[in-house]
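structure.cif follows (mmCIF, C-alpha atoms):
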data_run
#
loop_
_atom_site.label_atom_id
_atom_site.label_comp_id
_atom_site.auth_asym_id
_atom_site.auth_seq_id
_atom_site.Cartn_x
_atom_site.Cartn_y
_atom_site.Cartn_z
CA MET X 891 0.51 55.98 42.31
CA SER X 892 4.10 56.77 43.31
CA ARG X 893 6.97 56.25 40.91
CA THR X 894 8.18 53.33 43.07
CA LEU X 895 4.80 51.60 42.95
CA ARG X 896 4.51 52.20 39.20
CA THR X 897 7.99 50.69 38.72
CA LEU X 898 7.11 47.63 40.83
CA ALA X 899 3.84 47.10 38.94
CA ALA X 900 5.55 47.34 35.57
CA THR X 901 8.26 44.94 36.69
CA ALA X 902 5.64 42.45 37.94
CA ALA X 903 3.71 42.67 34.66
CA ALA X 904 6.89 42.09 32.68
CA LEU X 905 7.73 39.09 34.82
CA LEU X 906 4.25 37.65 34.36
CA LEU X 907 4.46 38.16 30.59
CA ALA X 908 7.89 36.56 30.41
CA THR X 909 6.72 33.62 32.52
CA ALA X 910 3.68 33.09 30.30
CA CYS X 911 5.78 33.21 27.14
CA ASN X 912 8.37 30.87 28.63
CA SER X 913 5.66 28.41 29.72
CA ALA X 914 4.19 28.35 26.25
CA SER X 915 7.54 27.62 24.67
CA THR X 916 9.10 24.97 26.92
CA GLY X 917 7.07 21.88 26.21
CA GLY X 918 4.17 22.53 28.57
CA THR X 919 0.88 20.66 28.33
CA SER X 920 -0.27 22.88 25.49
CA ALA X 921 2.65 21.87 23.25
CA PRO X 922 1.81 19.19 20.70
CA PRO X 923 3.61 15.81 20.90
CA GLY X 924 6.98 15.86 19.18
CA THR X 925 7.63 19.53 19.92
CA SER X 926 9.41 21.35 22.71
CA GLY X 927 10.06 25.02 23.09
CA GLY X 928 8.98 25.77 19.55
CA THR X 929 11.40 23.14 18.21
CA VAL X 930 10.96 19.55 17.07
CA ARG X 931 11.97 16.93 19.61
CA GLY X 932 15.22 15.26 18.54
CA VAL X 933 15.86 17.56 15.56
CA THR X 934 18.47 20.32 15.48
CA ALA X 935 19.85 22.34 12.61
CA ASP X 936 22.36 19.59 11.86
CA THR X 937 21.27 16.37 13.63
CA ILE X 938 18.36 13.92 13.94
CA ARG X 939 18.38 11.88 17.13
CA VAL X 940 17.22 8.24 16.81
CA GLY X 941 17.15 5.29 19.21
CA GLY X 942 16.18 1.65 19.07
CA ILE X 943 14.47 -1.04 21.15
CA VAL X 944 15.71 -4.61 20.64
CA SER X 945 15.61 -7.90 22.55
CA MET X 946 19.34 -8.16 23.17
CA THR X 947 18.77 -10.78 25.85
CA SER X 948 15.99 -13.22 26.73
CA ALA X 949 15.19 -15.96 29.22
CA SER X 950 15.75 -18.63 26.55
CA GLY X 951 19.13 -17.23 25.52
CA TYR X 952 17.80 -16.06 22.14
CA SER X 953 19.21 -12.69 21.11
CA LYS X 954 18.45 -10.13 18.43
CA LYS X 955 21.49 -8.02 19.33
CA ASP X 956 22.75 -7.85 15.74
CA THR X 957 19.65 -5.82 14.88
CA ASP X 958 21.54 -2.92 16.46
CA LEU X 959 24.58 -3.52 14.24
CA GLY X 960 22.39 -3.57 11.14
CA ALA X 961 20.77 -0.25 12.03
CA ARG X 962 24.12 1.32 12.85
CA ALA X 963 25.53 0.17 9.50
CA ARG X 964 22.73 1.90 7.59
CA TYR X 965 22.93 5.10 9.63
CA ASP X 966 26.71 5.18 9.18
CA ARG X 967 26.31 5.06 5.42
CA ALA X 968 23.68 7.81 5.51
CA ASN X 969 26.06 10.02 7.48
CA ALA X 970 28.97 9.23 5.16
CA GLU X 971 26.81 10.37 2.26
CA GLY X 972 26.06 13.72 3.90
CA GLY X 973 23.15 12.84 6.16
CA ILE X 974 19.47 13.43 5.49
CA ASN X 975 18.89 16.81 3.87
CA GLY X 976 22.07 18.04 5.54
CA ARG X 977 21.38 16.57 8.97
CA ARG X 978 23.56 13.86 10.51
CA ILE X 979 21.84 10.89 12.17
CA GLU X 980 22.74 10.73 15.86
CA TYR X 981 22.00 7.06 16.56
CA LEU X 982 21.98 6.31 20.29
CA GLY X 983 21.95 2.54 19.88
CA ALA X 984 19.25 0.13 21.02
CA GLU X 985 17.75 -0.34 24.46
CA ASP X 986 17.46 -3.98 25.57
CA ASP X 987 13.89 -4.93 26.54
CA GLY X 988 14.77 -8.53 27.44
CA GLN X 989 11.50 -9.56 25.78
CA ASP X 990 9.75 -8.15 28.85
CA PRO X 991 6.66 -5.94 28.28
CA ALA X 992 7.46 -3.72 31.25
CA ARG X 993 11.02 -3.17 30.03
CA ASN X 994 9.76 -2.50 26.51
CA LEU X 995 7.51 0.30 27.78
CA ALA X 996 10.28 1.63 30.06
CA ALA X 997 12.67 1.73 27.10
CA ALA X 998 10.15 3.68 25.04
CA ARG X 999 9.63 6.19 27.84
CA LYS X 1000 13.37 6.61 28.36
CA LEU X 1001 14.05 7.27 24.69
CA VAL X 1002 11.30 9.86 24.42
CA GLN X 1003 11.30 11.57 27.82
CA ARG X 1004 14.99 11.45 28.73
CA GLU X 1005 16.86 11.03 25.44
CA LYS X 1006 14.42 13.19 23.42
CA VAL X 1007 14.62 11.10 20.25
CA PHE X 1008 12.76 12.06 17.09
CA ALA X 1009 12.26 8.43 16.07
CA VAL X 1010 12.65 4.83 17.23
CA ALA X 1011 14.16 2.64 14.50
CA PRO X 1012 14.66 -0.28 14.91
CA MET X 1013 12.07 -1.83 17.21
CA SER X 1014 12.36 -5.63 17.21
CA SER X 1015 10.89 -7.82 19.95
CA VAL X 1016 8.11 -10.34 20.59
CA THR X 1017 6.48 -7.73 22.82
CA PHE X 1018 5.61 -4.11 22.04
CA ALA X 1019 4.06 -2.74 25.21
CA GLY X 1020 5.47 0.68 24.38
CA ALA X 1021 3.47 1.00 21.14
CA ASP X 1022 0.57 3.06 22.52
CA PHE X 1023 2.97 5.41 24.30
CA LEU X 1024 5.13 5.97 21.21
CA ASP X 1025 2.11 6.55 19.00
CA SER X 1026 0.52 8.97 21.49
CA GLN X 1027 3.78 10.92 21.66
CA ALA X 1028 3.96 11.08 17.84
CA VAL X 1029 7.25 9.20 17.61
CA PRO X 1030 7.88 7.72 14.14
CA THR X 1031 8.73 4.07 14.88
CA VAL X 1032 9.98 1.45 12.42
CA GLY X 1033 10.63 -2.22 13.10
CA TRP X 1034 9.79 -5.81 12.32
CA GLY X 1035 6.01 -5.83 11.89
CA THR X 1036 5.36 -9.21 13.54
CA LEU X 1037 2.91 -7.75 16.09
CA PRO X 1038 -0.54 -6.13 15.71
CA SER X 1039 0.84 -2.80 16.92
CA PHE X 1040 2.54 -2.38 13.53
CA CYS X 1041 -0.82 -2.59 11.80
CA GLY X 1042 -2.79 0.63 12.04
CA PRO X 1043 -1.24 3.13 14.50
CA ARG X 1044 -0.48 6.34 12.68
CA HIS X 1045 3.21 6.68 13.59
CA ILE X 1046 4.30 3.01 13.54
CA TYR X 1047 5.66 1.20 10.46
CA GLY X 1048 6.89 -2.30 9.65
CA PHE X 1049 10.00 -2.34 7.47
CA ASN X 1050 8.32 -4.99 5.31
CA GLY X 1051 4.78 -3.96 6.12
CA CYS X 1052 2.15 -5.22 8.52
CA LEU X 1053 2.66 -8.96 9.02
CA VAL X 1054 -0.21 -9.45 11.48
CA PRO X 1055 -3.13 -7.61 9.89
CA THR X 1056 -6.48 -6.72 11.30
CA PRO X 1057 -9.73 -7.85 9.66
CA GLY X 1058 -10.04 -6.08 6.36
CA GLY X 1059 -6.32 -6.31 5.69
CA THR X 1060 -4.41 -8.94 3.73
CA LEU X 1061 -2.02 -11.82 4.38
CA ASN X 1062 1.46 -12.40 2.96
CA GLN X 1063 1.43 -15.78 1.20
CA THR X 1064 5.19 -16.29 0.87
CA TRP X 1065 5.34 -19.14 3.40
CA PRO X 1066 2.39 -21.29 2.28
CA GLU X 1067 3.03 -20.71 -1.42
CA GLY X 1068 6.73 -21.44 -0.98
CA LEU X 1069 6.06 -24.70 0.86
CA ALA X 1070 3.50 -25.64 -1.79
CA THR X 1071 6.27 -25.23 -4.38
CA VAL X 1072 8.59 -27.50 -2.38
CA LEU X 1073 5.87 -30.15 -1.90
CA GLY X 1074 4.73 -30.11 -5.51
CA GLY X 1075 1.40 -28.48 -4.65
CA ALA X 1076 -0.81 -27.90 -1.61
CA GLN X 1077 -3.83 -30.01 -2.54
CA GLY X 1078 -4.02 -33.13 -0.41
CA ARG X 1079 -1.12 -31.94 1.76
CA SER X 1080 -1.45 -31.41 5.51
CA VAL X 1081 0.46 -29.02 7.73
CA ALA X 1082 0.88 -28.64 11.49
CA LEU X 1083 1.45 -25.17 12.98
CA ILE X 1084 2.96 -24.72 16.44
CA ALA X 1085 3.85 -21.52 18.31
CA GLY X 1086 4.73 -20.14 21.70
CA ASP X 1087 2.02 -19.16 24.17
CA ASN X 1088 2.47 -15.40 23.79
CA ASP X 1089 0.89 -12.59 21.78
CA ALA X 1090 3.16 -13.09 18.77
CA GLY X 1091 2.54 -16.84 18.79
CA LYS X 1092 -1.23 -16.55 19.07
CA PHE X 1093 -1.47 -14.02 16.26
CA GLY X 1094 0.95 -16.09 14.20
CA ILE X 1095 -1.27 -19.15 14.52
CA ARG X 1096 -4.34 -17.11 13.61
CA THR X 1097 -2.81 -15.58 10.50
CA PHE X 1098 -0.91 -18.60 9.20
CA THR X 1099 -3.95 -20.83 9.70
CA GLN X 1100 -5.83 -18.62 7.26
CA GLY X 1101 -2.86 -18.34 4.90
CA PHE X 1102 -2.18 -22.06 4.62
CA LYS X 1103 -5.87 -22.84 4.17
CA ALA X 1104 -6.11 -20.20 1.44
CA ALA X 1105 -3.18 -21.86 -0.35
CA GLY X 1106 -5.05 -25.19 -0.33
CA PHE X 1107 -3.40 -26.99 2.61
CA ASP X 1108 -5.31 -29.10 5.14
CA LEU X 1109 -4.66 -27.86 8.68
CA ALA X 1110 -3.81 -30.88 10.81
CA TYR X 1111 -2.76 -29.00 13.95
CA ALA X 1112 -2.58 -25.35 14.96
CA ARG X 1113 -1.75 -24.41 18.55
CA ALA X 1114 0.11 -21.67 20.43
CA ALA X 1115 0.88 -24.11 23.22
CA VAL X 1116 4.58 -23.94 24.09
CA PRO X 1117 5.47 -21.93 27.24
CA ALA X 1118 7.00 -18.69 26.03
CA THR X 1119 9.12 -18.01 29.11
CA SER X 1120 10.58 -21.46 29.76
CA LEU X 1121 12.20 -23.74 27.22
CA PRO X 1122 10.71 -27.26 27.53
CA SER X 1123 13.16 -29.96 28.59
CA ASP X 1124 10.87 -32.67 27.19
CA TRP X 1125 9.07 -32.21 23.86
CA THR X 1126 7.31 -35.58 23.92
CA ALA X 1127 3.83 -34.21 24.61
CA TYR X 1128 4.05 -31.88 21.62
CA THR X 1129 5.63 -34.35 19.20
CA LYS X 1130 3.06 -37.04 19.99
CA GLU X 1131 0.18 -34.70 19.21
CA ILE X 1132 1.80 -33.44 16.02
CA LEU X 1133 2.76 -36.87 14.70
CA ARG X 1134 -0.82 -38.13 15.10
CA SER X 1135 -2.51 -35.03 13.72
CA GLY X 1136 -2.44 -35.83 10.00
CA PRO X 1137 -5.09 -37.68 7.98
CA GLY X 1138 -5.84 -41.10 9.44
CA GLY X 1139 -3.82 -40.34 12.55
CA LYS X 1140 -0.58 -40.18 10.57
CA ALA X 1141 2.10 -37.49 10.52
CA PRO X 1142 1.40 -34.27 8.58
CA ASP X 1143 3.36 -33.49 5.42
CA ALA X 1144 4.92 -30.39 6.98
CA VAL X 1145 5.53 -29.02 10.47
CA VAL X 1146 5.76 -25.23 10.65
CA SER X 1147 7.18 -23.67 13.81
CA VAL X 1148 6.38 -20.04 14.55
CA MET X 1149 9.01 -19.91 17.31
CA GLN X 1150 12.53 -18.73 18.01
CA THR X 1151 15.77 -20.67 17.53
CA PRO X 1152 16.22 -22.47 20.90
CA TYR X 1153 12.64 -23.76 20.68
CA ASN X 1154 13.04 -24.83 17.07
CA ILE X 1155 16.21 -26.77 17.87
CA GLY X 1156 14.43 -28.65 20.67
CA LEU X 1157 11.28 -29.35 18.64
CA PHE X 1158 13.01 -30.40 15.43
CA THR X 1159 15.48 -32.63 17.28
CA ALA X 1160 12.60 -34.39 19.04
CA LEU X 1161 10.63 -34.83 15.81
CA LYS X 1162 13.63 -36.31 14.00
CA ARG X 1163 14.34 -38.70 16.87
CA ALA X 1164 10.70 -39.80 16.72
CA GLY X 1165 11.21 -40.73 13.07
CA TYR X 1166 9.55 -37.76 11.34
CA ARG X 1167 10.60 -37.48 7.68
CA GLY X 1168 8.37 -34.66 6.46
CA VAL X 1169 9.15 -31.01 5.81
CA LEU X 1170 10.27 -28.83 8.72
CA SER X 1171 10.10 -25.05 8.48
CA ASP X 1172 10.49 -21.93 10.64
CA PRO X 1173 10.94 -18.15 10.21
CA THR X 1174 14.04 -17.48 12.33
CA ASP X 1175 16.93 -19.88 11.75
CA TYR X 1176 18.76 -18.15 8.91
CA ASP X 1177 22.00 -17.55 10.77
CA PRO X 1178 25.42 -18.94 9.78
CA GLY X 1179 26.46 -18.57 13.42
CA LEU X 1180 24.12 -21.46 14.25
CA LEU X 1181 26.26 -23.79 12.18
CA ALA X 1182 29.27 -23.59 14.50
CA LYS X 1183 27.92 -26.34 16.81
CA ASP X 1184 27.42 -29.89 15.53
CA ALA X 1185 24.24 -30.47 17.55
CA THR X 1186 22.64 -27.26 16.27
CA ARG X 1187 23.67 -27.95 12.69
CA GLN X 1188 22.20 -31.46 12.85
CA ALA X 1189 18.95 -30.25 14.43
CA LEU X 1190 18.42 -27.70 11.66
CA ASP X 1191 19.72 -29.76 8.74
CA GLY X 1192 17.08 -29.91 6.02
CA VAL X 1193 14.94 -27.19 7.63
CA LEU X 1194 13.33 -24.64 5.30
CA VAL X 1195 13.57 -21.10 6.64
CA LEU X 1196 11.14 -18.36 5.62
CA LEU X 1197 12.77 -15.09 4.56
CA GLN X 1198 10.90 -11.89 3.87
CA PHE X 1199 13.89 -10.33 2.18
CA GLN X 1200 16.42 -11.24 -0.48
CA PRO X 1201 18.64 -14.17 0.59
CA PHE X 1202 22.24 -13.32 1.40
CA GLU X 1203 23.18 -15.70 -1.39
CA SER X 1204 21.77 -13.28 -3.98
CA ASP X 1205 24.12 -10.98 -5.90
CA SER X 1206 21.92 -7.93 -6.41
CA PRO X 1207 23.42 -4.41 -6.10
CA ALA X 1208 21.32 -3.83 -2.94
CA MET X 1209 22.65 -7.02 -1.30
CA ARG X 1210 26.26 -6.17 -2.21
CA ARG X 1211 25.81 -2.73 -0.64
CA PHE X 1212 24.26 -4.25 2.51
CA LYS X 1213 27.21 -6.63 2.93
CA ALA X 1214 29.71 -3.81 2.45
CA ASP X 1215 27.91 -1.60 4.99
CA ILE X 1216 27.82 -4.39 7.60
CA ARG X 1217 31.49 -5.18 7.08
CA LYS X 1218 32.43 -1.52 7.50
CA ALA X 1219 30.29 -1.04 10.64
CA ALA X 1220 31.61 -4.24 12.24
CA GLY X 1221 35.20 -3.42 11.30
CA LYS X 1222 35.72 -6.92 9.92
CA GLU X 1223 34.04 -9.78 8.08
CA VAL X 1224 31.21 -11.19 10.21
CA PRO X 1225 28.67 -13.95 9.57
CA LEU X 1226 25.45 -12.36 8.32
CA ASN X 1227 22.10 -13.03 9.95
CA MET X 1228 18.50 -11.91 9.57
CA HIS X 1229 18.65 -9.64 12.62
CA MET X 1230 21.26 -7.48 10.92
CA LEU X 1231 18.93 -7.06 7.99
CA THR X 1232 15.98 -6.31 10.30
CA GLY X 1233 17.89 -3.39 11.80
CA TYR X 1234 19.29 -2.28 8.45
CA MET X 1235 15.93 -2.18 6.68
CA SER X 1236 14.16 -0.56 9.64
CA ALA X 1237 16.71 2.24 9.46
CA ASP X 1238 16.47 2.32 5.67
CA LEU X 1239 12.70 2.86 5.64
CA PHE X 1240 12.97 5.61 8.25
CA LEU X 1241 15.74 7.34 6.29
CA SER X 1242 13.87 7.06 2.99
CA ILE X 1243 10.73 8.68 4.39
CA ALA X 1244 12.70 11.35 6.30
CA ALA X 1245 14.57 12.26 3.10
CA LYS X 1246 11.27 12.75 1.29
CA ALA X 1247 10.03 14.98 4.15
CA GLY X 1248 12.58 17.60 3.14
CA LYS X 1249 14.68 20.09 5.08
CA ASP X 1250 11.78 21.17 7.30
CA LEU X 1251 11.64 17.89 9.24
CA THR X 1252 8.79 17.66 11.72
CA VAL X 1253 6.59 14.78 12.79
CA GLU X 1254 3.85 16.14 10.56
CA SER X 1255 6.12 16.54 7.53
CA PHE X 1256 7.38 12.98 8.12
CA GLN X 1257 3.79 11.71 8.23
CA GLN X 1258 2.90 13.62 5.07
CA ALA X 1259 5.93 12.12 3.31
CA ALA X 1260 4.92 8.63 4.45
CA ASN X 1261 1.41 9.12 3.09
CA GLY X 1262 2.06 8.30 -0.54
CA PHE X 1263 5.63 7.03 -0.14
CA SER X 1264 6.76 4.25 -2.49
CA ASP X 1265 9.94 2.82 -3.94
CA THR X 1266 11.04 -0.32 -5.75
CA GLY X 1267 13.82 -2.88 -5.90
CA THR X 1268 14.74 -2.89 -2.21
CA LEU X 1269 15.89 -5.91 -0.21
CA VAL X 1270 12.26 -6.43 0.82
CA GLY X 1271 10.79 -5.79 -2.62
CA ASP X 1272 8.54 -2.86 -3.52
CA ARG X 1273 7.53 -0.67 -0.57
CA ALA X 1274 4.51 1.60 -0.21
CA GLU X 1275 2.83 3.57 2.56
CA PRO X 1276 0.26 3.71 4.04
CA LYS X 1277 -0.30 0.29 2.45
CA GLY X 1278 2.39 -1.10 4.76
CA GLN X 1279 0.34 -0.17 7.82
CA LYS X 1280 -2.42 -2.54 6.70
CA GLU X 1281 -0.65 -5.33 4.81
CA SER X 1282 2.79 -6.74 4.11
CA PHE X 1283 4.78 -5.97 0.99
CA GLY X 1284 4.16 -9.61 0.01
CA CYS X 1285 7.67 -10.74 -0.94
CA GLY X 1286 9.96 -13.47 0.29
CA ALA X 1287 11.97 -16.64 -0.26
CA LEU X 1288 12.74 -20.01 1.33
CA VAL X 1289 16.25 -21.25 2.06
CA ARG X 1290 17.22 -24.77 3.15
CA LEU X 1291 20.12 -25.74 5.39
CA THR X 1292 21.89 -28.60 3.61
CA GLY X 1293 25.24 -30.11 4.54
CA GLY X 1294 26.20 -27.20 6.75
CA ARG X 1295 25.32 -24.40 4.34
CA TYR X 1296 22.22 -22.51 3.22
CA GLU X 1297 20.83 -22.94 -0.27
CA VAL X 1298 17.97 -21.07 -1.92
CA ALA X 1299 15.06 -23.52 -2.15
CA VAL X 1300 12.44 -21.06 -3.45
CA PRO X 1301 13.79 -17.81 -4.99
CA PHE X 1302 12.77 -14.37 -3.75
CA ARG X 1303 9.53 -13.23 -5.35
CA CYS X 1304 6.31 -11.37 -4.53
CA TYR X 1305 3.00 -13.19 -4.12
CA PRO X 1306 -0.54 -11.83 -4.41
CA PRO X 1307 -1.96 -11.34 -0.90
CA VAL X 1308 -5.22 -12.89 0.34
CA PRO X 1309 -7.88 -11.19 2.51
CA PHE X 1310 -7.57 -11.57 6.26
CA ARG X 1311 -10.75 -12.28 8.18
#
In structure tokens, write the structure found in this file.
Amino acid sequence: MSRTLRTLAATAAALLLATACNSASTGGTSAPPGTSGGTVRGVTADTIRVGGIVSMTSASGYSKKDTDLGARARYDRANAEGGINGRRIEYLGAEDDGQDPARNLAAARKLVQREKVFAVAPMSSVTFAGADFLDSQAVPTVGWGTLPSFCGPRHIYGFNGCLVPTPGGTLNQTWPEGLATVLGGAQGRSVALIAGDNDAGKFGIRTFTQGFKAAGFDLAYARAAVPATSLPSDWTAYTKEILRSGPGGKAPDAVVSVMQTPYNIGLFTALKRAGYRGVLSDPTDYDPGLLAKDATRQALDGVLVLLQFQPFESDSPAMRRFKADIRKAAGKEVPLNMHMLTGYMSADLFLSIAAKAGKDLTVESFQQAANGFSDTGTLVGDRAEPKGQKESFGCGALVRLTGGRYEVAVPFRCYPPVPFR
């Protein structure tokens, strides 16, 4: 072989070798999820890239936009304290899914494929179509565990645990036990449950039906019947059914709405106009901003709101720190709401596990740190993983809106869970 041919052959072999090496190190199909080019997706020597998915807008006008502020407040404090094992959190903010499954999945794909995030925290919506994608791509994801997708997938965590468990898991009894305290006991008391006709509503009815029965209540009514995409202009059909559902065709002792604020305002206003005098309760209307309008304040007056965190009225060191962090992130005093805390505690759980993972942060080291993680005294009580992927942390409180302000009706405490069937 001539010198020229030998040179060409050697050059070709070198090119083939370089191409093979480059292919193996640039995120080809052989690279495991969460890695690219021999590095960890979203992690550099001095940063960790994180994004969020939140329902900023919705067809009903309901918004969880302050979830983003809560997350930013917690990440800002982490960065001010030196980051996580020397790495600064690069928080990209939250994508708006508009409570649309297609947009939720698109947001997940964008954050992973285009923005190259290491984690998604917070994730807060009534839909989580992107769950399978995020789990398959090994993206640690933390949010409000109100959907089944927070209960079981390896890389997905609820900031206060799994609130919609699968058979074999357990149920958080804060709501039924709290209402039993308010009513002077559950025996002989009847309750009506109503929810939107969507995945969250249907699972909510299923779980709370079991929880209220386990606490000793009689279930008078339990339906996920309200259209989830269009706010009813007339609630008569629902109120008539509810008000006749109790023993002897009378009204139940309590009406529990597993719906969002605009729906609750419509339902509770209609029930009050129909003469209902029993207990009204929901899990979403803990928001001083709702008190600015007379009609809203009147609709929610007397309503008991379920909290799965310490009430803002508490004076614990953790609550004082939360308020200070929110004030600093917002740049001024702002009315607090539960969405801020949802974002804050989603970020807090992610940060706590990432800190335990150590300097060598990878998806696998994060998962290893989560397996056996626990801490105490947080705004959501005692936390533990992987327990939180099967059951809630079991803590909560009830607050009542009275005379234009919230008061603690049942103090924050933890309740023994019951088996979910």
Residues returned when the PyMOL selection byres ((chain X and resi 1301-1305) around 9) runs on this file, as a count of residues only: 24
Given all atoms listed in the file as the counted atoms, nearest of X:Thr1056, X:Arg1079, X:Ile1243, X:Trp1065 to Arg1096 of chain X: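 So, comparing all the options, the nearest one is X:Thr1056.
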Expected selection from the PyMOL selection byres ((chain X and resi 1029-1046) around 7), given as a PyMOL selection string: chain X and resi 924+1008-1014+1021+1024-1025+1027-1028+1047-1049+1051-1055+1090+1232+1236+1240+1279-1280
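Neighbours of segment 930-941 of chain X closer than or equal to 6 Å, with all atoms listed in the file counted and sequence neighbours fewer than 5 positions away skipped, come out as Gly924, Thr925, Arg977, Arg978, Ile979, Glu980, Tyr981, Leu982, Gly983, Ala984, Lys1006, Val1007, Phe1008, Ala1009 and Val1010 of chain X.
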Take the selection from the previous step and output its residues with C-alpha atoms, as a compact mmCIF listing (two decimals), in the frame of the given file.
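Once written, part.txt looks like this:
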# COMPACT_ATOMS: atom_id res chain seq x y z
CA GLY X 924 6.98 15.86 19.18
CA THR X 925 7.63 19.53 19.92
CA ARG X 977 21.38 16.57 8.97
CA ARG X 978 23.56 13.86 10.51
CA ILE X 979 21.84 10.89 12.17
CA GLU X 980 22.74 10.73 15.86
CA TYR X 981 22.00 7.06 16.56
CA LEU X 982 21.98 6.31 20.29
CA GLY X 983 21.95 2.54 19.88
CA ALA X 984 19.25 0.13 21.02
CA LYS X 1006 14.42 13.19 23.42
CA VAL X 1007 14.62 11.10 20.25
CA PHE X 1008 12.76 12.06 17.09
CA ALA X 1009 12.26 8.43 16.07
CA VAL X 1010 12.65 4.83 17.23
Gap from atom CA of Ala1164 of chain X to atom CA of Thr1126 of chain X - Å, one decimal: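 So the two atoms, atom CA of Ala1164 of chain X and atom CA of Thr1126 of chain X, lie 9.0 Å apart.
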Hits from the PyMOL selection byres ((chain X and resi 958-975) around 7), listed as a PyMOL selection string: chain X and resi 955-957+976-979+983-984+1012+1215-1216+1219+1230-1231+1233-1234+1237-1238+1245+1248-1249
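By all atoms listed in the file, and with residues fewer than 5 positions from Pro1309 of chain X along its chain excluded, the set lying at most 7 Å from it is X:Gly1058, X:Gly1059, X:Thr1060, X:Leu1061.
Across the model, the gap from atom CA of Asn1050 of chain X to atom CA of Gln1258 of chain X is 19.4 Å.
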So that I can check the surroundings of Ala1070 of chain X, please list as a compact mmCIF listing (two decimals) with C-alpha atoms, keeping the file's coordinate frame every protein, DNA and RNA residue that reaches within 12 Å of it, counting only C-alpha atoms and ignoring chain neighbours fewer than 2 positions away.
# COMPACT_ATOMS: atom_id res chain seq x y z
CA GLN X 1063 1.43 -15.78 1.20
CA THR X 1064 5.19 -16.29 0.87
CA TRP X 1065 5.34 -19.14 3.40
CA PRO X 1066 2.39 -21.29 2.28
CA GLU X 1067 3.03 -20.71 -1.42
CA GLY X 1068 6.73 -21.44 -0.98
CA VAL X 1072 8.59 -27.50 -2.38
CA LEU X 1073 5.87 -30.15 -1.90
CA GLY X 1074 4.73 -30.11 -5.51
CA GLY X 1075 1.40 -28.48 -4.65
CA ALA X 1076 -0.81 -27.90 -1.61
CA GLN X 1077 -3.83 -30.01 -2.54
CA GLY X 1078 -4.02 -33.13 -0.41
CA ARG X 1079 -1.12 -31.94 1.76
CA SER X 1080 -1.45 -31.41 5.51
CA VAL X 1081 0.46 -29.02 7.73
CA GLY X 1101 -2.86 -18.34 4.90
CA PHE X 1102 -2.18 -22.06 4.62
CA LYS X 1103 -5.87 -22.84 4.17
CA ALA X 1104 -6.11 -20.20 1.44
CA ALA X 1105 -3.18 -21.86 -0.35
CA GLY X 1106 -5.05 -25.19 -0.33
CA PHE X 1107 -3.40 -26.99 2.61
CA ASP X 1108 -5.31 -29.10 5.14
CA ASP X 1143 3.36 -33.49 5.42
CA ALA X 1144 4.92 -30.39 6.98
CA VAL X 1169 9.15 -31.01 5.81
CA LEU X 1288 12.74 -20.01 1.33
CA ALA X 1299 15.06 -23.52 -2.15
CA VAL X 1300 12.44 -21.06 -3.45
Between atom CA of Ala1082 of chain X and atom CA of Tyr1166 of chain X, distance in Å (one decimal):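 Rounded to one decimal, the two atoms are 12.6 Å apart.
Among the candidate residues X:Lys1000, X:Arg1295, X:Arg1290, X:Arg993, the one lying nearest to Leu1170 of chain X is X:Arg1290, with distances computed using only C-alpha atoms.
You can rank X:Phe1023, X:Glu1131, X:Ser1264, X:Ser1015 by their closest distance to Leu995 of chain X using only C-alpha atoms, and at the top of that list sits X:Phe1023.
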